[in-house]
$ cat work.csv   # CSV, C-alpha atoms
chain,number,residue,atom,x,y,z
C,1,MET,CA,60.6,68.3,69.3
C,2,GLN,CA,62.6,65.4,68.0
C,3,GLU,CA,60.7,62.1,67.9
C,4,ASP,CA,62.0,59.6,70.4
C,5,LEU,CA,63.2,56.6,68.4
C,6,ASN,CA,64.2,54.5,71.4
C,7,PRO,CA,61.4,52.0,72.5
C,8,SER,CA,60.2,52.1,76.1
C,9,PRO,CA,61.0,49.2,78.4
C,10,GLU,CA,57.3,48.2,78.4
C,11,SER,CA,57.3,47.6,74.6
C,12,GLN,CA,60.3,45.4,74.9
C,13,GLU,CA,58.4,42.8,76.9
C,14,ARG,CA,57.6,39.9,74.6
C,15,ALA,CA,53.9,38.8,74.5
C,16,LYS,CA,53.2,35.2,75.5
C,17,PRO,CA,52.0,33.0,72.6
C,18,VAL,CA,48.4,31.9,72.7
C,19,CYS,CA,46.2,29.4,70.7
C,20,ALA,CA,45.2,30.9,67.3
C,21,GLN,CA,41.8,29.2,67.6
C,22,CYS,CA,40.7,29.7,71.2
C,23,GLY,CA,43.3,32.0,72.7
C,24,SER,CA,44.4,29.5,75.3
C,25,GLU,CA,48.0,29.9,76.5
C,26,ALA,CA,48.4,26.1,76.8
C,27,ILE,CA,49.7,25.7,73.2
C,28,LEU,CA,51.6,22.6,72.1
C,29,ALA,CA,55.3,23.2,71.4
C,30,GLY,CA,57.1,21.8,68.4
C,31,HIS,CA,54.5,22.7,65.8
C,32,ASN,CA,54.5,25.7,63.4
C,33,ALA,CA,50.8,26.3,64.0
C,34,ARG,CA,50.0,27.8,67.4
C,35,LEU,CA,47.2,25.5,68.6
C,36,CYS,CA,46.3,24.0,72.0
C,37,ALA,CA,45.9,20.2,72.2
C,38,GLU,CA,42.1,20.4,72.1
C,39,CYS,CA,42.0,22.6,69.0
C,40,ARG,CA,44.6,20.5,67.2
C,41,ASN,CA,42.6,17.3,67.7
C,42,MET,CA,39.5,19.1,66.5
C,43,PHE,CA,41.2,20.1,63.2
C,44,ILE,CA,42.7,16.6,62.7
C,45,LYS,CA,39.2,15.0,63.1
C,46,TYR,CA,37.5,17.7,60.9
C,47,PRO,CA,35.1,15.9,58.5
C,48,VAL,CA,36.5,15.5,54.9
C,49,PRO,CA,34.0,16.7,52.2
C,50,MET,CA,32.3,13.9,50.2
C,51,TRP,CA,33.6,15.2,46.9
C,52,VAL,CA,37.2,14.9,48.2
C,53,LYS,CA,36.5,11.3,49.2
C,54,LEU,CA,34.9,10.4,45.8
C,55,PHE,CA,37.8,12.0,43.9
C,56,GLY,CA,40.3,10.1,45.9
C,57,ALA,CA,38.4,6.8,45.4
C,58,GLY,CA,38.3,7.5,41.7
C,59,VAL,CA,42.0,8.1,41.5
C,60,VAL,CA,42.6,4.8,43.4
C,61,ILE,CA,40.3,2.9,41.0
C,62,LEU,CA,42.1,4.3,38.0
C,63,MET,CA,45.4,3.3,39.4
C,64,LEU,CA,44.2,-0.2,40.1
C,65,VAL,CA,42.7,-0.5,36.6
C,66,SER,CA,46.0,0.8,35.0
C,67,LEU,CA,47.9,-1.7,37.0
C,68,ALA,CA,45.6,-4.6,36.1
C,69,LEU,CA,45.5,-3.8,32.4
C,70,SER,CA,48.5,-4.4,30.2
C,71,PRO,CA,49.4,-1.7,27.7
C,72,GLN,CA,47.9,-3.9,24.9
C,73,ASN,CA,44.6,-4.4,26.8
C,74,PHE,CA,44.5,-0.7,27.4
C,75,LYS,CA,44.8,-0.1,23.7
C,76,ALA,CA,41.9,-2.6,23.1
C,77,THR,CA,39.8,-0.7,25.6
C,78,ILE,CA,40.4,2.6,23.9
C,79,ALA,CA,39.7,1.1,20.4
C,80,LEU,CA,36.4,-0.4,21.8
C,81,SER,CA,35.4,3.0,23.2
C,82,ARG,CA,36.0,4.7,19.9
C,83,ALA,CA,34.1,1.9,18.1
C,84,GLU,CA,31.1,2.4,20.3
C,85,LYS,CA,31.0,6.1,19.5
C,86,GLN,CA,31.1,5.3,15.8
C,87,GLU,CA,28.3,2.8,16.3
C,88,LYS,CA,26.1,5.5,17.9
C,89,ALA,CA,26.8,7.7,15.0
C,90,HIS,CA,25.9,4.9,12.5
C,91,ASN,CA,29.4,5.1,11.0
C,92,TYR,CA,29.8,1.3,10.8
C,93,VAL,CA,32.8,1.2,8.5
C,94,SER,CA,34.8,3.2,10.9
C,95,GLU,CA,33.5,1.1,13.8
C,96,GLN,CA,34.5,-2.1,12.1
C,97,GLN,CA,38.0,-0.7,11.6
C,98,GLU,CA,38.4,0.2,15.3
C,99,LEU,CA,37.0,-3.3,16.3
C,100,GLN,CA,39.5,-5.0,14.0
C,101,GLN,CA,42.3,-3.4,16.1
C,102,ALA,CA,40.6,-4.5,19.3
C,103,LEU,CA,40.1,-8.1,18.1
C,104,GLY,CA,43.8,-8.3,17.2
C,105,ILE,CA,44.5,-7.9,21.0
C,106,VAL,CA,41.5,-9.6,22.6
C,107,PRO,CA,40.2,-12.0,20.0
C,108,ASN,CA,37.8,-13.7,22.3
C,109,SER,CA,36.2,-10.7,24.0
C,110,THR,CA,32.4,-11.1,24.0
C,111,GLU,CA,31.8,-7.4,24.0
C,112,VAL,CA,34.1,-6.7,21.1
C,113,LEU,CA,32.8,-9.6,19.1
C,114,ALA,CA,29.2,-8.5,19.7
C,115,HIS,CA,29.9,-5.0,18.4
C,116,MET,CA,31.8,-6.5,15.4
C,117,LEU,CA,28.7,-8.6,14.6
C,118,ILE,CA,26.6,-5.3,14.5
C,119,ALA,CA,29.1,-3.4,12.4
C,120,SER,CA,29.7,-6.2,9.9
C,121,PHE,CA,25.9,-6.7,9.5
C,122,TYR,CA,25.3,-3.0,8.6
C,123,ASN,CA,28.3,-3.1,6.3
C,124,GLY,CA,26.9,-6.1,4.4
C,125,ASP,CA,30.1,-8.0,5.3
C,126,PHE,CA,28.4,-11.3,5.9
C,127,ASP,CA,31.7,-13.3,5.7
C,128,THR,CA,32.9,-11.5,8.8
C,129,TYR,CA,29.3,-11.7,10.3
C,130,GLY,CA,29.2,-15.5,10.0
C,131,ARG,CA,32.7,-16.0,11.5
C,132,VAL,CA,31.9,-13.7,14.4
C,133,LEU,CA,28.5,-15.4,15.0
C,134,ASP,CA,30.3,-18.8,15.3
C,135,LYS,CA,32.7,-17.3,17.9
C,136,LEU,CA,29.8,-15.8,19.9
C,137,ASN,CA,28.0,-19.2,20.1
C,138,GLY,CA,27.7,-20.3,23.7
C,139,LYS,CA,29.3,-17.1,25.2
C,140,GLU,CA,27.8,-15.5,28.3
C,141,PHE,CA,26.8,-11.8,28.1
C,142,ASP,CA,27.1,-9.5,31.0
C,143,ASP,CA,25.4,-6.7,29.1
C,144,LYS,CA,21.8,-7.8,28.6
C,145,GLU,CA,21.0,-4.8,26.3
C,146,LEU,CA,23.8,-5.8,24.0
C,147,LEU,CA,22.6,-9.4,24.0
C,148,LYS,CA,19.1,-8.2,23.0
C,149,GLU,CA,20.5,-6.1,20.2
C,150,VAL,CA,22.5,-9.1,18.9
C,151,ASP,CA,19.4,-11.4,19.1
C,152,ASP,CA,17.3,-8.9,17.3
C,153,LEU,CA,19.9,-8.5,14.6
C,154,THR,CA,20.2,-12.3,14.2
C,155,ALA,CA,16.5,-12.4,13.5
C,156,TYR,CA,16.9,-9.8,10.7
C,157,THR,CA,19.8,-11.7,9.2
C,158,ALA,CA,17.4,-14.5,8.0
C,159,ASP,CA,16.4,-12.2,5.1
C,160,TYR,CA,19.9,-12.5,3.7
C,161,TYR,CA,20.4,-16.3,3.8
C,162,PRO,CA,18.6,-19.1,2.0
C,163,SER,CA,16.3,-21.1,4.1
C,164,ASP,CA,16.6,-24.9,4.2
C,165,SER,CA,13.5,-25.4,2.1
C,166,LEU,CA,14.8,-22.9,-0.5
C,167,THR,CA,18.2,-24.7,-0.6
C,168,LYS,CA,16.4,-28.0,-1.2
C,169,LEU,CA,14.4,-26.4,-4.0
C,170,THR,CA,17.4,-24.9,-5.8
C,171,LYS,CA,19.2,-28.2,-5.7
C,172,ARG,CA,16.4,-29.8,-7.7
C,173,TYR,CA,17.0,-27.2,-10.4
C,174,PRO,CA,20.8,-26.9,-11.0
C,175,GLN,CA,20.2,-24.9,-14.2
C,176,GLY,CA,18.0,-22.4,-12.4
C,177,VAL,CA,14.6,-22.4,-10.7
C,178,PRO,CA,11.9,-21.8,-13.3
C,179,ASN,CA,9.8,-18.6,-12.6
C,180,ALA,CA,6.6,-20.6,-12.2
C,181,VAL,CA,8.2,-22.8,-9.5
C,182,TYR,CA,9.7,-19.7,-7.8
C,183,GLU,CA,6.2,-18.0,-7.8
C,184,GLN,CA,4.6,-21.0,-6.3
C,185,TYR,CA,7.3,-21.3,-3.6
C,186,ILE,CA,6.9,-17.6,-2.7
C,187,LYS,CA,3.2,-17.9,-2.5
C,188,THR,CA,3.6,-20.7,-0.1
C,189,ASN,CA,6.4,-19.0,1.9
C,190,PRO,CA,5.5,-15.3,1.8
C,191,SER,CA,7.9,-14.4,4.6
C,192,ASP,CA,11.0,-15.8,2.7
C,193,LEU,CA,12.4,-12.5,1.5
C,194,PHE,CA,15.6,-14.1,0.4
C,195,ALA,CA,13.6,-16.2,-2.1
C,196,GLN,CA,11.8,-13.0,-3.3
C,197,TYR,CA,15.1,-11.2,-3.7
C,198,SER,CA,16.6,-14.1,-5.7
C,199,TYR,CA,13.5,-14.3,-7.9
C,200,THR,CA,13.7,-10.5,-8.5
C,201,SER,CA,17.4,-10.7,-9.4
C,202,GLY,CA,16.5,-12.8,-12.5
C,203,PHE,CA,14.4,-10.0,-13.9
C,204,PHE,CA,17.0,-7.4,-13.0
C,205,ALA,CA,19.7,-9.3,-14.8
C,206,LYS,CA,17.6,-9.4,-17.9
C,207,GLU,CA,17.1,-5.6,-17.6
C,208,ASN,CA,13.3,-6.0,-16.9
C,209,TYR,CA,13.4,-2.9,-14.7
C,210,VAL,CA,9.6,-2.4,-14.5
C,211,LYS,CA,9.1,-5.9,-13.1
C,212,SER,CA,12.1,-5.5,-10.8
C,213,ASP,CA,10.7,-2.2,-9.5
C,214,SER,CA,7.4,-3.9,-8.6
C,215,LEU,CA,9.0,-6.9,-6.9
C,216,LEU,CA,11.6,-4.9,-5.0
C,217,ARG,CA,9.0,-2.5,-3.5
C,218,GLN,CA,7.1,-5.6,-2.3
C,219,ILE,CA,10.2,-6.7,-0.4
C,220,ILE,CA,10.9,-3.4,1.3
C,221,SER,CA,7.2,-3.2,2.3
C,222,VAL,CA,8.0,-6.2,4.5
C,223,ASN,CA,11.5,-5.2,5.5
C,224,PRO,CA,12.1,-1.4,4.9
C,225,HIS,CA,15.8,-1.8,5.8
C,226,HIS,CA,16.7,-4.6,3.4
C,227,MET,CA,20.0,-3.2,2.2
C,228,TYR,CA,20.3,-5.2,-1.0
C,229,ALA,CA,16.7,-4.6,-2.1
C,230,LEU,CA,17.2,-0.9,-1.5
C,231,PHE,CA,20.5,-1.0,-3.4
C,232,MET,CA,19.0,-2.8,-6.4
C,233,LEU,CA,15.9,-0.5,-6.2
C,234,SER,CA,18.2,2.6,-6.4
C,235,ILE,CA,19.8,1.2,-9.6
C,236,THR,CA,16.4,0.2,-11.0
C,237,LYS,CA,15.0,3.7,-10.5
C,238,ARG,CA,18.1,5.2,-12.2
C,239,GLU,CA,17.7,2.9,-15.2
C,240,LEU,CA,14.0,4.0,-15.4
C,241,ASN,CA,15.3,7.6,-15.3
C,242,GLN,CA,13.3,8.2,-12.0
C,243,LEU,CA,16.4,9.9,-10.6
C,244,ASP,CA,14.9,11.6,-7.5
C,245,SER,CA,13.5,8.2,-6.5
C,246,SER,CA,17.0,6.6,-7.0
C,247,VAL,CA,18.5,9.2,-4.6
C,248,HIS,CA,15.7,8.6,-2.2
C,249,TYR,CA,16.4,4.9,-1.8
C,250,CYS,CA,20.2,5.7,-1.5
C,251,ASN,CA,19.4,8.1,1.3
C,252,ARG,CA,17.3,5.4,3.0
C,253,MET,CA,20.3,3.2,3.1
C,254,LEU,CA,22.5,6.0,4.4
C,255,ASP,CA,20.0,6.6,7.2
C,256,ASP,CA,20.8,3.1,8.5
C,257,ASN,CA,24.5,3.3,7.8
C,258,HIS,CA,26.0,6.8,7.1
C,259,GLN,CA,29.0,5.0,5.6
C,260,SER,CA,27.2,2.5,3.3
C,261,VAL,CA,29.6,2.1,0.4
C,262,MET,CA,26.8,0.6,-1.7
C,263,ALA,CA,24.6,3.6,-1.1
C,264,LEU,CA,27.3,6.2,-1.7
C,265,SER,CA,28.5,4.5,-4.9
C,266,SER,CA,24.9,4.2,-6.3
C,267,LYS,CA,24.1,7.8,-5.3
C,268,ALA,CA,27.3,8.9,-7.1
C,269,ARG,CA,26.1,7.4,-10.3
C,270,THR,CA,22.7,9.0,-10.0
C,271,LEU,CA,24.3,12.4,-9.3
C,272,LEU,CA,26.5,12.0,-12.4
C,273,LYS,CA,23.4,11.2,-14.4
C,274,GLN,CA,21.8,14.3,-13.1
C,275,LYS,CA,24.9,16.2,-14.4
C,276,HIS,CA,26.2,16.9,-10.8
C,277,LEU,CA,29.6,15.9,-12.0
C,278,LYS,CA,31.8,17.2,-9.2
C,279,GLU,CA,29.5,16.1,-6.5
C,280,GLY,CA,29.2,12.6,-8.1
C,281,MET,CA,33.0,12.4,-8.4
C,282,GLY,CA,33.5,13.4,-4.8
C,283,MET,CA,31.0,10.8,-3.5
C,284,ALA,CA,32.7,8.0,-5.5
C,285,LEU,CA,36.0,9.0,-4.1
C,286,GLN,CA,34.5,9.0,-0.6
C,287,ALA,CA,33.2,5.5,-1.1
C,288,ASP,CA,36.7,4.4,-2.3
C,289,ARG,CA,38.3,5.8,0.8
C,290,LEU,CA,35.9,3.8,2.9
C,291,ASP,CA,36.3,0.5,0.9
C,292,PRO,CA,38.9,0.5,-1.9
C,293,LYS,CA,38.1,-3.2,-2.6
C,294,PHE,CA,34.4,-2.5,-3.5
C,295,TYR,CA,34.5,-3.3,-7.3
C,296,TYR,CA,31.1,-1.7,-8.1
C,297,ASN,CA,32.6,1.6,-6.9
C,298,LYS,CA,35.7,1.1,-9.0
C,299,ALA,CA,33.4,1.1,-12.0
C,300,THR,CA,31.6,4.2,-10.6
C,301,MET,CA,34.9,6.0,-10.3
C,302,ALA,CA,35.8,5.1,-14.0
C,303,ILE,CA,32.4,6.6,-15.0
C,304,ALA,CA,33.1,9.7,-12.9
C,305,TYR,CA,36.6,10.2,-14.3
C,306,HIS,CA,35.3,9.8,-17.8
C,307,LEU,CA,32.5,12.4,-17.4
C,308,ASN,CA,34.9,14.8,-15.6
C,309,HIS,CA,37.4,14.4,-18.4
C,310,ASN,CA,40.1,12.9,-16.2
C,311,ILE,CA,41.3,10.4,-18.9
C,312,ILE,CA,44.5,9.4,-17.1
C,313,GLU,CA,42.8,8.1,-14.0
C,314,ARG,CA,40.0,6.6,-16.1
C,315,ASP,CA,42.4,4.6,-18.2
C,316,LYS,CA,44.3,3.4,-15.1
C,317,LEU,CA,41.1,1.7,-14.0
C,318,VAL,CA,40.4,0.3,-17.4
C,319,LYS,CA,43.9,-1.3,-17.5
C,320,GLN,CA,43.4,-2.6,-14.0
C,321,ALA,CA,40.2,-4.4,-15.1
C,322,GLU,CA,42.1,-6.0,-18.0
C,323,LYS,CA,44.2,-7.9,-15.4
C,324,ASP,CA,41.3,-8.6,-13.0
C,325,THR,CA,38.4,-10.7,-14.3
C,326,VAL,CA,36.1,-9.9,-11.4
C,327,LEU,CA,36.6,-6.1,-11.8
C,328,ALA,CA,36.1,-6.6,-15.6
C,329,GLY,CA,32.6,-7.8,-15.0
C,330,TYR,CA,31.7,-4.7,-13.0
C,331,MET,CA,33.4,-2.5,-15.6
C,332,SER,CA,31.2,-3.6,-18.5
C,333,TYR,CA,28.7,-0.7,-18.2
C,334,ALA,CA,31.5,1.8,-17.7
C,335,ASN,CA,33.3,0.4,-20.9
C,336,GLU,CA,30.1,0.8,-22.9
C,337,LEU,CA,29.8,4.4,-21.7
C,338,ILE,CA,33.4,5.1,-22.4
C,339,SER,CA,33.1,3.7,-25.9
C,340,GLY,CA,30.0,5.7,-26.6
C,341,LYS,CA,27.7,2.7,-26.8
C,342,LYS,CA,25.7,4.0,-23.9
C,343,GLN,CA,24.6,7.5,-22.9
C,344,HIS,CA,24.8,8.1,-19.2
C,345,MET,CA,23.7,11.7,-19.0
C,346,VAL,CA,20.0,12.6,-19.2
C,347,ASN,CA,17.9,15.5,-18.1
C,348,ALA,CA,16.9,14.9,-14.5
C,349,GLN,CA,13.4,13.8,-14.0
C,350,THR,CA,11.3,13.7,-10.9
C,351,ASN,CA,8.5,11.4,-10.0

$ encode --input "work.csv" --output "C-alpha cells"
Amino acid sequence: MQEDLNPSPESQERAKPVCAQCGSEAILAGHNARLCAECRNMFIKYPVPMWVKLFGAGVVILMLVSLALSPQNFKATIALSRAEKQEKAHNYVSEQQELQQALGIVPNSTEVLAHMLIASFYNGDFDTYGRVLDKLNGKEFDDKELLKEVDDLTAYTADYYPSDSLTKLTKRYPQGVPNAVYEQYIKTNPSDLFAQYSYTSGFFAKENYVKSDSLLRQIISVNPHHMYALFMLSITKRELNQLDSSVHYCNRMLDDNHQSVMALSSKARTLLKQKHLKEGMGMALQADRLDPKFYYNKATMAIAYHLNHNIIERDKLVKQAEKDTVLAGYMSYANELISGKKQHMVNAQTN
C-alpha cells in the first residue's frame, strides 16, 4: 500500500503558542522569547551572582584608574611594582634601576622615595641615600609598615657615618688620629662602629691583616650586617690565605643583597686565587654588568683577564687606568700581579 504523503486536515491546525516557563497562553507579543508577563518579570529580577557583581565592579575601578592616571604615571606605577618585586628578592641594584625610572616621572612620591632609600642603602650608595633622606624629611606615610622599615634602616645607617663627637676628635688631629687616642675614644664609645671601622682601616692600609682580622670580627659581632666590615674582612681573609673564610664573608654579604657588587668582586678574586679561573672571570663580569663604574671590580677584571690569558682585554683596562688616576689607584695590585711582582695563585686552604 502506498504511503499517504498528504497531511490530514487535523494536522494542519496550528497549535496556539504558550509560555515556555509556565505554559500559560497569555504570552506577551513582540518578544522573541515566549513568556507571559509574570514569568518575564521574574527573569528580569533574577538575582545576579556575587562574582558577576564583583567582576563588574573591578572592571569599573580599572577603567576609573586608567582614566585618572596619565600614561607617564602608569609607567611609574609599573616601575614601582617591578621594583618591589626586586626588593623582595633582595636584588637591590635592579630595584634601584627601576626606581630611578619611577622618580624621573614622580620625583616627590613618598612611596617611591622610601623604596629608593632602602635600595640605595643595601647597595652602599650613600650619596643617593643622603639625598633621598632629605627629600623624605617631613613627608607623611600612608603605609605604616614601610615607615617602620625606613625608621629601622635609618637607625642602622649610624654605623656608616661619623658621629659629632668623632668629627670633633678628627678635627683636632688633621694629620691623623693617633692609635692611642682612637683606642681611648673607642673604649669610651663602644657603640661607635664607624670609629672602630676607621681605626681598623689604618691597620688594613699598612697590610697588618692579623690585627685587621681581629678588629673586624669585633665589629661584625655587634653588627653582623656591616657591609664594609664584611667586605674588608673578605679581603683580609684572602690575604691571610684563609680562602674558605673569605668566600664565607662574601656570601654573608650576598645573603643581604644578592647583587652586592662588592661581594661579587671580592668573591671573584678569591675564586681566582683558588684557581677557579672561569668561575672567577664570570663573577667579575657579572659585577661589571651590575655596576660598570665600580673601580675595584675593574681591577678584578684585569686580574681575571690576566689569569685567563686574555691579554687584549687586560691591556685595555691597563691603558684605561693610565688616563684615570682614580682607577690607577685601584689597579696597583693588578699591575704588580701582571708584572710578576706578586703571585696571586696559591693552593686553596681551609680553616

$ atom_distance --input "work.csv" --atom1 "CA of Asp134 (chain C)" --atom2 "CA of Ala158 (chain C)"
15.4 Å

$ closest_residue --input "work.csv" --among "C:Leu307, C:Leu193, C:Leu327, C:Leu240" --to "Asn208 (chain C)" --atoms "all atoms listed in the file"
C:Leu240

$ residues_around --input "work.csv" --residues "Asp151 (chain C)" --least-positions-apart "3" --cutoff "12 Å" --atoms "all atoms listed in the file" --output "PyMOL selection string"
chain C and resi 114+117-118+133+136-137+141+144-148+154-158

$ residues_around --input "work.csv" --residues "Ala328 (chain C)" --least-positions-apart "5" --cutoff "10 Å" --atoms "only C-alpha atoms" --output "CSV table (one decimal) with C-alpha atoms, keeping the file's coordinate frame"
chain,number,residue,atom,x,y,z
C,295,TYR,CA,34.5,-3.3,-7.3
C,299,ALA,CA,33.4,1.1,-12.0
C,317,LEU,CA,41.1,1.7,-14.0
C,318,VAL,CA,40.4,0.3,-17.4
C,319,LYS,CA,43.9,-1.3,-17.5
C,320,GLN,CA,43.4,-2.6,-14.0
C,321,ALA,CA,40.2,-4.4,-15.1
C,322,GLU,CA,42.1,-6.0,-18.0
C,323,LYS,CA,44.2,-7.9,-15.4
C,333,TYR,CA,28.7,-0.7,-18.2
C,334,ALA,CA,31.5,1.8,-17.7
C,335,ASN,CA,33.3,0.4,-20.9

$ residues_around --input "work.csv" --residues "Val177 (chain C)" --least-positions-apart "5" --cutoff "12 Å" --atoms "all atoms listed in the file" --output "list in words"
Leu166, Thr167, Lys168, Leu169, Thr170, Lys171, Arg172, Tyr182, Glu183, Gln184, Tyr185, Ala195, Ser198, Tyr199 and Gly202 of chain C

$ residues_around --input "work.csv" --residues "Gly282 (chain C)" --least-positions-apart "4" --cutoff "9 Å" --atoms "all atoms listed in the file" --output "PDB file with C-alpha atoms, in the frame of the given file"
ATOM      1  CA  ALA C 268      27.300   8.900  -7.100  1.00  0.00           C
ATOM      2  CA  LEU C 277      29.600  15.900 -12.000  1.00  0.00           C
ATOM      3  CA  LYS C 278      31.800  17.200  -9.200  1.00  0.00           C
ATOM      4  CA  GLN C 286      34.500   9.000  -0.600  1.00  0.00           C
ATOM      5  CA  ALA C 287      33.200   5.500  -1.100  1.00  0.00           C
ATOM      6  CA  ALA C 304      33.100   9.700 -12.900  1.00  0.00           C
TER       7      ALA C 304
END

$ closest_residue --input "work.csv" --among "C:Ser165, C:Thr200, C:Ser246, C:Asn123" --to "Leu216 (chain C)" --atoms "all atoms listed in the file"
C:Thr200

$ closest_residue --input "work.csv" --among "C:Phe203, C:Tyr173, C:Tyr249, C:Tyr129" --to "His225 (chain C)" --atoms "all atoms listed in the file"
C:Tyr249

$ atom_distance --input "work.csv" --atom1 "CA of Asn251 (chain C)" --atom2 "CA of Leu290 (chain C)"
17.1 Å

$ closest_residue --input "work.csv" --among "C:Ile312, C:Leu233, C:Cys250, C:Ile186" --to "Tyr209 (chain C)" --atoms "all atoms listed in the file"
C:Leu233

$ decode --input "work.csv" --residues "region 301-320 of chain C" --atoms "N, CA and C atoms" --output "PDB file, in the first residue's frame"
ATOM      1  N   MET C 301      88.623  42.584  37.161  1.00  0.00           N
ATOM      2  CA  MET C 301      88.527  42.102  35.782  1.00  0.00           C
ATOM      3  C   MET C 301      89.911  42.011  35.134  1.00  0.00           C
ATOM      4  N   ALA C 302      90.759  42.986  35.406  1.00  0.00           N
ATOM      5  CA  ALA C 302      92.120  42.947  34.856  1.00  0.00           C
ATOM      6  C   ALA C 302      92.863  41.718  35.350  1.00  0.00           C
ATOM      7  N   ILE C 303      92.713  41.398  36.635  1.00  0.00           N
ATOM      8  CA  ILE C 303      93.341  40.201  37.201  1.00  0.00           C
ATOM      9  C   ILE C 303      92.786  38.945  36.533  1.00  0.00           C
ATOM     10  N   ALA C 304      91.453  38.916  36.378  1.00  0.00           N
ATOM     11  CA  ALA C 304      90.803  37.752  35.770  1.00  0.00           C
ATOM     12  C   ALA C 304      91.238  37.569  34.318  1.00  0.00           C
ATOM     13  N   TYR C 305      91.291  38.669  33.576  1.00  0.00           N
ATOM     14  CA  TYR C 305      91.748  38.584  32.186  1.00  0.00           C
ATOM     15  C   TYR C 305      93.189  38.074  32.121  1.00  0.00           C
ATOM     16  N   HIS C 306      94.016  38.572  33.027  1.00  0.00           N
ATOM     17  CA  HIS C 306      95.434  38.162  33.032  1.00  0.00           C
ATOM     18  C   HIS C 306      95.568  36.665  33.301  1.00  0.00           C
ATOM     19  N   LEU C 307      94.853  36.182  34.327  1.00  0.00           N
ATOM     20  CA  LEU C 307      94.978  34.774  34.692  1.00  0.00           C
ATOM     21  C   LEU C 307      94.320  33.854  33.672  1.00  0.00           C
ATOM     22  N   ASN C 308      93.352  34.383  32.925  1.00  0.00           N
ATOM     23  CA  ASN C 308      92.701  33.602  31.872  1.00  0.00           C
ATOM     24  C   ASN C 308      93.354  33.819  30.503  1.00  0.00           C
ATOM     25  N   HIS C 309      94.501  34.514  30.505  1.00  0.00           N
ATOM     26  CA  HIS C 309      95.306  34.729  29.296  1.00  0.00           C
ATOM     27  C   HIS C 309      94.567  35.509  28.212  1.00  0.00           C
ATOM     28  N   ASN C 310      93.701  36.412  28.642  1.00  0.00           N
ATOM     29  CA  ASN C 310      93.036  37.318  27.694  1.00  0.00           C
ATOM     30  C   ASN C 310      93.803  38.646  27.734  1.00  0.00           C
ATOM     31  N   ILE C 311      94.910  38.686  27.033  1.00  0.00           N
ATOM     32  CA  ILE C 311      95.833  39.814  27.119  1.00  0.00           C
ATOM     33  C   ILE C 311      95.234  41.083  26.520  1.00  0.00           C
ATOM     34  N   ILE C 312      94.442  40.941  25.459  1.00  0.00           N
ATOM     35  CA  ILE C 312      93.878  42.123  24.785  1.00  0.00           C
ATOM     36  C   ILE C 312      92.961  42.895  25.736  1.00  0.00           C
ATOM     37  N   GLU C 313      92.033  42.197  26.375  1.00  0.00           N
ATOM     38  CA  GLU C 313      91.102  42.871  27.287  1.00  0.00           C
ATOM     39  C   GLU C 313      91.819  43.379  28.533  1.00  0.00           C
ATOM     40  N   ARG C 314      92.806  42.615  28.988  1.00  0.00           N
ATOM     41  CA  ARG C 314      93.596  43.060  30.147  1.00  0.00           C
ATOM     42  C   ARG C 314      94.276  44.388  29.861  1.00  0.00           C
ATOM     43  N   ASP C 315      94.915  44.487  28.707  1.00  0.00           N
ATOM     44  CA  ASP C 315      95.661  45.692  28.365  1.00  0.00           C
ATOM     45  C   ASP C 315      94.752  46.891  28.112  1.00  0.00           C
ATOM     46  N   LYS C 316      93.523  46.633  27.694  1.00  0.00           N
ATOM     47  CA  LYS C 316      92.569  47.737  27.550  1.00  0.00           C
ATOM     48  C   LYS C 316      92.321  48.414  28.890  1.00  0.00           C
ATOM     49  N   LEU C 317      92.192  47.603  29.935  1.00  0.00           N
ATOM     50  CA  LEU C 317      91.972  48.156  31.272  1.00  0.00           C
ATOM     51  C   LEU C 317      93.227  48.841  31.793  1.00  0.00           C
ATOM     52  N   VAL C 318      94.376  48.290  31.483  1.00  0.00           N
ATOM     53  CA  VAL C 318      95.633  48.914  31.900  1.00  0.00           C
ATOM     54  C   VAL C 318      95.763  50.303  31.272  1.00  0.00           C
ATOM     55  N   LYS C 319      95.474  50.419  29.986  1.00  0.00           N
ATOM     56  CA  LYS C 319      95.548  51.712  29.293  1.00  0.00           C
ATOM     57  C   LYS C 319      94.487  52.682  29.818  1.00  0.00           C
ATOM     58  N   GLN C 320      93.301  52.147  30.155  1.00  0.00           N
ATOM     59  CA  GLN C 320      92.253  52.994  30.722  1.00  0.00           C
ATOM     60  C   GLN C 320      92.707  53.606  32.037  1.00  0.00           C
TER      61      GLN C 320
END
